[in-house]
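S.K.: Here you go, protein.pdb (PDB, C-alpha atoms):
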```pdb
ATOM      1  CA  MET A   1     -13.365 -13.784  66.569
ATOM      2  CA  ARG A   2     -13.886 -16.300  63.776
ATOM      3  CA  PHE A   3     -16.827 -14.323  62.360
ATOM      4  CA  SER A   4     -14.809 -11.112  62.022
ATOM      5  CA  ARG A   5     -11.972 -12.818  60.096
ATOM      6  CA  THR A   6     -14.425 -14.343  57.632
ATOM      7  CA  ALA A   7     -16.239 -11.050  57.218
ATOM      8  CA  THR A   8     -12.957  -9.204  56.616
ATOM      9  CA  ARG A   9     -11.889 -11.736  54.004
ATOM     10  CA  LEU A  10     -15.242 -11.453  52.238
ATOM     11  CA  LEU A  11     -14.923  -7.672  52.098
ATOM     12  CA  VAL A  12     -11.262  -7.577  51.016
ATOM     13  CA  LEU A  13     -11.469 -10.248  48.302
ATOM     14  CA  PRO A  14     -13.727  -8.299  45.855
ATOM     15  CA  VAL A  15     -11.615  -5.160  46.281
ATOM     16  CA  VAL A  16      -8.386  -7.046  45.496
ATOM     17  CA  CYS A  17      -9.995  -8.719  42.457
ATOM     18  CA  ALA A  18     -11.299  -5.394  41.128
ATOM     19  CA  LEU A  19      -7.900  -3.735  41.489
ATOM     20  CA  GLY A  20      -6.251  -6.648  39.686
ATOM     21  CA  LEU A  21      -8.671  -6.346  36.766
ATOM     22  CA  ILE A  22      -8.141  -2.597  36.461
ATOM     23  CA  GLY A  23      -4.370  -2.953  36.357
ATOM     24  CA  ALA A  24      -4.504  -5.758  33.754
ATOM     25  CA  SER A  25      -6.734  -4.023  31.208
ATOM     26  CA  PRO A  26      -5.031  -3.239  27.862
ATOM     27  CA  ALA A  27      -5.174   0.168  26.199
ATOM     28  CA  GLN A  28      -8.433   0.569  24.341
ATOM     29  CA  ALA A  29      -8.843   2.419  21.063
ATOM     30  CA  ALA A  30     -11.921   4.576  20.750
ATOM     31  CA  VAL A  31     -12.985   5.732  17.283
ATOM     32  CA  GLN A  32     -13.737   9.436  17.724
ATOM     33  CA  ARG A  33     -14.901  10.143  14.164
ATOM     34  CA  THR A  34     -15.050   8.465  10.763
ATOM     35  CA  ASP A  35     -14.555  10.446   7.552
ATOM     36  CA  ARG A  36     -15.904   8.812   4.373
ATOM     37  CA  PHE A  37     -14.667   9.574   0.868
ATOM     38  CA  SER A  38     -13.782   8.136  -2.543
ATOM     39  CA  ILE A  39     -11.070   9.020  -5.040
ATOM     40  CA  THR A  40     -12.176   8.295  -8.607
ATOM     41  CA  GLN A  41      -9.921   8.637 -11.643
ATOM     42  CA  PRO A  42      -9.884   6.971 -15.061
ATOM     43  CA  HIS A  43      -8.643   3.374 -14.530
ATOM     44  CA  PHE A  44      -7.821   3.906 -10.791
ATOM     45  CA  ASP A  45     -10.206   4.279  -7.859
ATOM     46  CA  PHE A  46     -10.141   4.188  -4.080
ATOM     47  CA  GLY A  47     -13.337   3.482  -2.178
ATOM     48  CA  ASP A  48     -15.029   0.333  -0.921
ATOM     49  CA  GLY A  49     -17.517  -2.321  -2.006
ATOM     50  CA  ASP A  50     -17.810  -3.220  -5.688
ATOM     51  CA  LEU A  51     -17.443  -1.035  -8.761
ATOM     52  CA  GLY A  52     -20.658   0.236 -10.351
ATOM     53  CA  ASN A  53     -21.499  -1.455 -13.649
ATOM     54  CA  ILE A  54     -22.240   1.757 -15.526
ATOM     55  CA  SER A  55     -20.151   4.396 -13.747
ATOM     56  CA  GLY A  56     -17.125   2.244 -12.900
ATOM     57  CA  ASP A  57     -16.879   4.141  -9.593
ATOM     58  CA  PRO A  58     -16.823   2.418  -6.184
ATOM     59  CA  LYS A  59     -20.315   1.823  -4.796
ATOM     60  CA  ALA A  60     -19.220   2.745  -1.259
ATOM     61  CA  ASP A  61     -16.788   5.200   0.322
ATOM     62  CA  SER A  62     -13.495   4.348   1.979
ATOM     63  CA  ARG A  63     -13.084   5.313   5.644
ATOM     64  CA  LEU A  64     -10.559   7.339   7.591
ATOM     65  CA  GLU A  65     -11.126   6.426  11.235
ATOM     66  CA  TRP A  66      -9.702   8.664  13.964
ATOM     67  CA  ASP A  67      -8.767   6.341  16.838
ATOM     68  CA  LEU A  68      -7.764   7.839  20.196
ATOM     69  CA  VAL A  69      -5.439   5.532  22.159
ATOM     70  CA  ASN A  70      -3.975   6.769  25.463
ATOM     71  CA  GLY A  71      -4.088  10.393  24.309
ATOM     72  CA  THR A  72      -2.560   9.804  20.862
ATOM     73  CA  TRP A  73      -4.292   9.995  17.494
ATOM     74  CA  GLU A  74      -4.031   6.971  15.213
ATOM     75  CA  PRO A  75      -5.627   7.732  11.831
ATOM     76  CA  ARG A  76      -6.595   4.426  10.178
ATOM     77  CA  LEU A  77      -7.363   4.131   6.472
ATOM     78  CA  LEU A  78      -9.771   1.378   5.377
ATOM     79  CA  GLY A  79     -10.992   0.735   1.860
ATOM     80  CA  ARG A  80     -10.233  -0.860  -1.478
ATOM     81  CA  ILE A  81      -7.973   0.149  -4.394
ATOM     82  CA  TYR A  82      -9.222  -0.670  -7.904
ATOM     83  CA  ILE A  83      -7.462  -0.937 -11.262
ATOM     84  CA  ASN A  84      -9.865  -1.123 -14.192
ATOM     85  CA  ASN A  85      -8.840  -1.616 -17.851
ATOM     86  CA  ALA A  86      -5.155  -0.837 -17.211
ATOM     87  CA  SER A  87      -2.963  -3.842 -18.015
ATOM     88  CA  GLY A  88       0.350  -4.016 -16.150
ATOM     89  CA  GLU A  89      -0.099  -0.699 -14.371
ATOM     90  CA  CYS A  90       0.472  -0.479 -10.617
ATOM     91  CA  VAL A  91      -1.286   1.447  -7.864
ATOM     92  CA  ARG A  92      -0.860   2.289  -4.152
ATOM     93  CA  VAL A  93      -2.065   4.733  -1.484
ATOM     94  CA  GLN A  94      -0.224   7.265   0.648
ATOM     95  CA  MET A  95      -1.199   9.079   3.826
ATOM     96  CA  VAL A  96       0.166  12.624   4.037
ATOM     97  CA  VAL A  97       0.130  13.727   7.686
ATOM     98  CA  THR A  98       0.519  17.344   8.780
ATOM     99  CA  TYR A  99       1.477  17.784  12.415
ATOM    100  CA  GLN A 100       0.649  20.763  14.662
ATOM    101  CA  ASN A 101       4.115  22.264  14.095
ATOM    102  CA  ASN A 102       3.433  22.258  10.286
ATOM    103  CA  VAL A 103       5.822  19.368   9.625
ATOM    104  CA  VAL A 104       4.455  17.253   6.763
ATOM    105  CA  VAL A 105       5.350  13.548   6.521
ATOM    106  CA  THR A 106       4.284  11.180   3.727
ATOM    107  CA  TYR A 107       3.662   7.546   4.647
ATOM    108  CA  THR A 108       3.428   5.030   1.785
ATOM    109  CA  ASP A 109       1.380   1.877   2.199
ATOM    110  CA  ASN A 110       3.713  -0.638   0.582
ATOM    111  CA  ALA A 111       1.317  -3.443   1.493
ATOM    112  CA  SER A 112      -1.256  -1.929  -0.895
ATOM    113  CA  ASP A 113       1.138  -1.869  -3.901
ATOM    114  CA  PHE A 114      -0.154  -4.139  -6.618
ATOM    115  CA  CYS A 115      -0.158  -4.374 -10.421
ATOM    116  CA  ALA A 116      -2.883  -5.513 -12.764
ATOM    117  CA  PRO A 117      -1.798  -8.610 -14.724
ATOM    118  CA  ASN A 118      -4.252  -7.832 -17.543
ATOM    119  CA  GLY A 119      -6.861  -5.273 -18.583
ATOM    120  CA  ARG A 120      -9.645  -6.634 -16.380
ATOM    121  CA  THR A 121     -10.812  -5.160 -13.067
ATOM    122  CA  TRP A 122      -8.567  -5.849 -10.069
ATOM    123  CA  TYR A 123      -8.700  -4.705  -6.460
ATOM    124  CA  SER A 124      -6.745  -4.868  -3.217
ATOM    125  CA  ASP A 125      -8.008  -4.201   0.303
ATOM    126  CA  VAL A 126      -6.347  -1.461   2.377
ATOM    127  CA  ASP A 127      -5.962  -1.332   6.164
ATOM    128  CA  PHE A 128      -3.267   1.261   6.846
ATOM    129  CA  GLN A 129      -2.412   2.866  10.202
ATOM    130  CA  PRO A 130       1.131   4.279   9.953
ATOM    131  CA  VAL A 131       1.236   6.890  12.711
ATOM    132  CA  SER A 132       0.431   7.328  16.388
ATOM    133  CA  SER A 133       0.884  10.870  17.690
ATOM    134  CA  ALA A 134      -0.850  13.376  19.931
ATOM    135  CA  TYR A 135       0.207  16.101  17.463
ATOM    136  CA  VAL A 136      -1.586  15.040  14.248
ATOM    137  CA  ALA A 137      -3.396  18.055  12.769
ATOM    138  CA  ASN A 138      -4.736  16.683   9.457
ATOM    139  CA  VAL A 139      -4.462  13.872   6.911
ATOM    140  CA  VAL A 140      -4.685  13.788   3.112
ATOM    141  CA  VAL A 141      -4.936  10.465   1.269
ATOM    142  CA  ARG A 142      -3.280  10.166  -2.160
ATOM    143  CA  LEU A 143      -3.855   7.547  -4.836
ATOM    144  CA  GLN A 144      -0.764   6.906  -6.959
ATOM    145  CA  SER A 145      -0.078   4.861 -10.085
ATOM    146  CA  ALA A 146       2.957   3.679 -12.035
ATOM    147  CA  PRO A 147       3.009   2.705 -15.726
ATOM    148  CA  ALA A 148       3.537  -0.871 -16.832
ATOM    149  CA  GLY A 149       7.175  -1.874 -16.467
ATOM    150  CA  GLY A 150       8.116   1.126 -14.328
ATOM    151  CA  TRP A 151       8.119   1.998 -10.649
ATOM    152  CA  SER A 152       8.008   5.764 -10.928
ATOM    153  CA  PHE A 153       4.734   6.592  -9.169
ATOM    154  CA  SER A 154       2.713   9.720  -9.908
ATOM    155  CA  ASN A 155      -0.342  11.140  -8.137
ATOM    156  CA  GLU A 156      -3.676  10.232  -9.689
ATOM    157  CA  GLY A 157      -5.910  11.927  -7.148
ATOM    158  CA  ALA A 158      -6.201  12.977  -3.522
ATOM    159  CA  SER A 159      -8.796  13.417  -0.831
ATOM    160  CA  ALA A 160      -9.629  16.690   0.831
ATOM    161  CA  PRO A 161      -7.677  17.348   4.043
ATOM    162  CA  TYR A 162      -9.362  15.712   7.025
ATOM    163  CA  PHE A 163      -8.643  17.451  10.315
ATOM    164  CA  ALA A 164      -8.164  15.580  13.590
ATOM    165  CA  PRO A 165     -11.293  15.600  15.778
ATOM    166  CA  TRP A 166      -9.665  17.823  18.414
ATOM    167  CA  TRP A 167      -9.109  20.490  15.711
ATOM    168  CA  LEU A 168     -12.802  20.974  14.907
ATOM    169  CA  PRO A 169     -15.477  22.130  17.369
TER     170      PRO A 169
END
```
Before we go any further, please render this structure as structure tokens.
M.R.:
Amino acid sequence: MRFSRTATRLLVLPVVCALGLIGASPAQAAVQRTDRFSITQPHFDFGDGDLGNISGDPKADSRLEWDLVNGTWEPRLLGRIYINNASGECVRVQMVVTYQNNVVVTYTDNASDFCAPNGRTWYSDVDFQPVSSAYVANVVVRLQSAPAGGWSFSNEGASAPYFAPWWLP
């Protein structure tokens, strides 16, 4: 009698522990694809790494990571904005998201807004993930600037449209 109770407890305990661990696990993001690109314009660039000494362009590409979390797409933009030889001018990035129903929504990364205090080279790191939706069809990244003393932003350049991984074979 005593042997069977001990044996039952030894068999039940690992099963209970395993079920407890499964129920307690948080949602995990899985990067499905990474698109790499740069936007280069006179005085304003978006990429990563340092600027090249001769070209003035970023030495590395920025990244648009397509995270899949519990069946929803979370496009995440990672990179660096540069202002070079543009005193007082400001720069920021936007993510333009087109959904499957052709609705287009523009998300502005206000955390990336910054202005150059002088005509030297300045940069700001970007980590922007504004949307979580199962219906994202594609994303375009825009680089915008505003003149010194003004906050009227205009488009300097844009990426190609990057389609969600489910969209492409």
S.K.: Once the PyMOL selection byres ((chain A and resi 70) around 12) has been applied to the shown file, what residues remain in the selection, as a compact mmCIF listing (two decimals) with C-alpha atoms, in the coordinates of the input?
M.R.:
```
# COMPACT_ATOMS: atom_id res chain seq x y z
CA PRO A 26 -5.03 -3.24 27.86
CA ALA A 27 -5.17 0.17 26.20
CA GLN A 28 -8.43 0.57 24.34
CA ALA A 29 -8.84 2.42 21.06
CA ALA A 30 -11.92 4.58 20.75
CA ASP A 67 -8.77 6.34 16.84
CA LEU A 68 -7.76 7.84 20.20
CA VAL A 69 -5.44 5.53 22.16
CA GLY A 71 -4.09 10.39 24.31
CA THR A 72 -2.56 9.80 20.86
CA TRP A 73 -4.29 9.99 17.49
CA GLU A 74 -4.03 6.97 15.21
CA SER A 132 0.43 7.33 16.39
CA SER A 133 0.88 10.87 17.69
CA ALA A 134 -0.85 13.38 19.93
```
S.K.: Counting all atoms listed in the file, which residue out of A:Pro165, A:Asp125, A:Ser159, A:Trp66 sits closest to Ile39 (chain A)?
M.R.: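 Comparing A:Pro165, A:Asp125, A:Ser159, A:Trp66 against Ile39 (chain A), the winner is A:Ser159.
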S.K.: If we count all atoms listed in the file and set the cut-off at 12 Å, which residues sit around Pro161 (chain A), ignoring sequence neighbours fewer than 6 positions away in its own chain? Please answer as an mmCIF file with C-alpha atoms, keeping the file's coordinate frame.
M.R.:
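Below you can see selection17.cif, which holds the result:
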```cif
data_model
loop_
_atom_site.group_PDB
_atom_site.id
_atom_site.type_symbol
_atom_site.label_atom_id
_atom_site.label_comp_id
_atom_site.auth_asym_id
_atom_site.auth_seq_id
_atom_site.Cartn_x
_atom_site.Cartn_y
_atom_site.Cartn_z
ATOM 1 C CA ASP A 35 -14.555 10.446 7.552
ATOM 2 C CA ARG A 36 -15.904 8.812 4.373
ATOM 3 C CA PHE A 37 -14.667 9.574 0.868
ATOM 4 C CA LEU A 64 -10.559 7.339 7.591
ATOM 5 C CA MET A 95 -1.199 9.079 3.826
ATOM 6 C CA VAL A 96 0.166 12.624 4.037
ATOM 7 C CA VAL A 97 0.130 13.727 7.686
ATOM 8 C CA THR A 98 0.519 17.344 8.780
ATOM 9 C CA ALA A 137 -3.396 18.055 12.769
ATOM 10 C CA ASN A 138 -4.736 16.683 9.457
ATOM 11 C CA VAL A 139 -4.462 13.872 6.911
ATOM 12 C CA VAL A 140 -4.685 13.788 3.112
ATOM 13 C CA VAL A 141 -4.936 10.465 1.269
ATOM 14 C CA ARG A 142 -3.280 10.166 -2.160
#
```
S.K.: Have a look at CA of Ile83 (chain A) and CA of Trp122 (chain A) and let me know their distance in Å, one decimal.
M.R.: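 About the pair CA of Ile83 (chain A) and CA of Trp122 (chain A): they are 5.2 Å apart.
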S.K.: May I ask which of the residues A:Leu51, A:Val126, A:Ala111, A:Val31 is the closest one to Leu77 (chain A), counting all atoms listed in the file?
M.R.: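 Closest to Leu77 (chain A), using all atoms listed in the file: A:Val126.
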S.K.: Which of these residues is nearest to Asp57 (chain A), using all atoms listed in the file: A:Gln32, A:Asn101, A:Thr121, A:Ser152?
M.R.: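 Among the listed residues, the smallest separation from Asp57 (chain A) belongs to A:Thr121.
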S.K.: Ranking A:Ser87, A:Gln129, A:Ser124, A:Thr108 by minimum distance to Gln144 (chain A) and counting only C-alpha atoms, which one comes first?
M.R.: A:Thr108
S.K.: Between A:Val91, A:Val104, A:Ala60, A:Ala86, which has the minimum distance to Trp151 (chain A) (counting all atoms listed in the file)?
M.R.: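 Counting all atoms listed in the file, the residue closest to Trp151 (chain A) is A:Val91.
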S.K.: Using the chain letters and residue numbers of this document, give as a PyMOL selection string the residues selected by the PyMOL selection byres ((chain A and resi 145) around 10).
M.R.: chain A and resi 43-44+83+89-93+113-115+143-144+146-148+150-157
S.K.: Pick the closest to Ala164 (chain A) from A:Gln94, A:Gln41, A:Asn85, A:Gln100: which is it, counting only C-alpha atoms?
M.R.: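 Answer, going by the shortest atom-to-atom distance: A:Gln100.
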S.K.: Could you spell out the hits of the PyMOL selection byres ((chain A and resi 49) around 6) on the shown file, as a ChimeraX atom specification?
M.R.: /A:48,50,59-60
S.K.: Could you please determine the separation between CA of Arg76 (chain A) and CA of Trp167 (chain A) in Å, to one decimal place?
M.R.: 17.2 Å
S.K.: To one decimal in Å, tell me the separation between CA of Leu78 (chain A) and CA of Gly47 (chain A).
M.R.: 8.6 Å
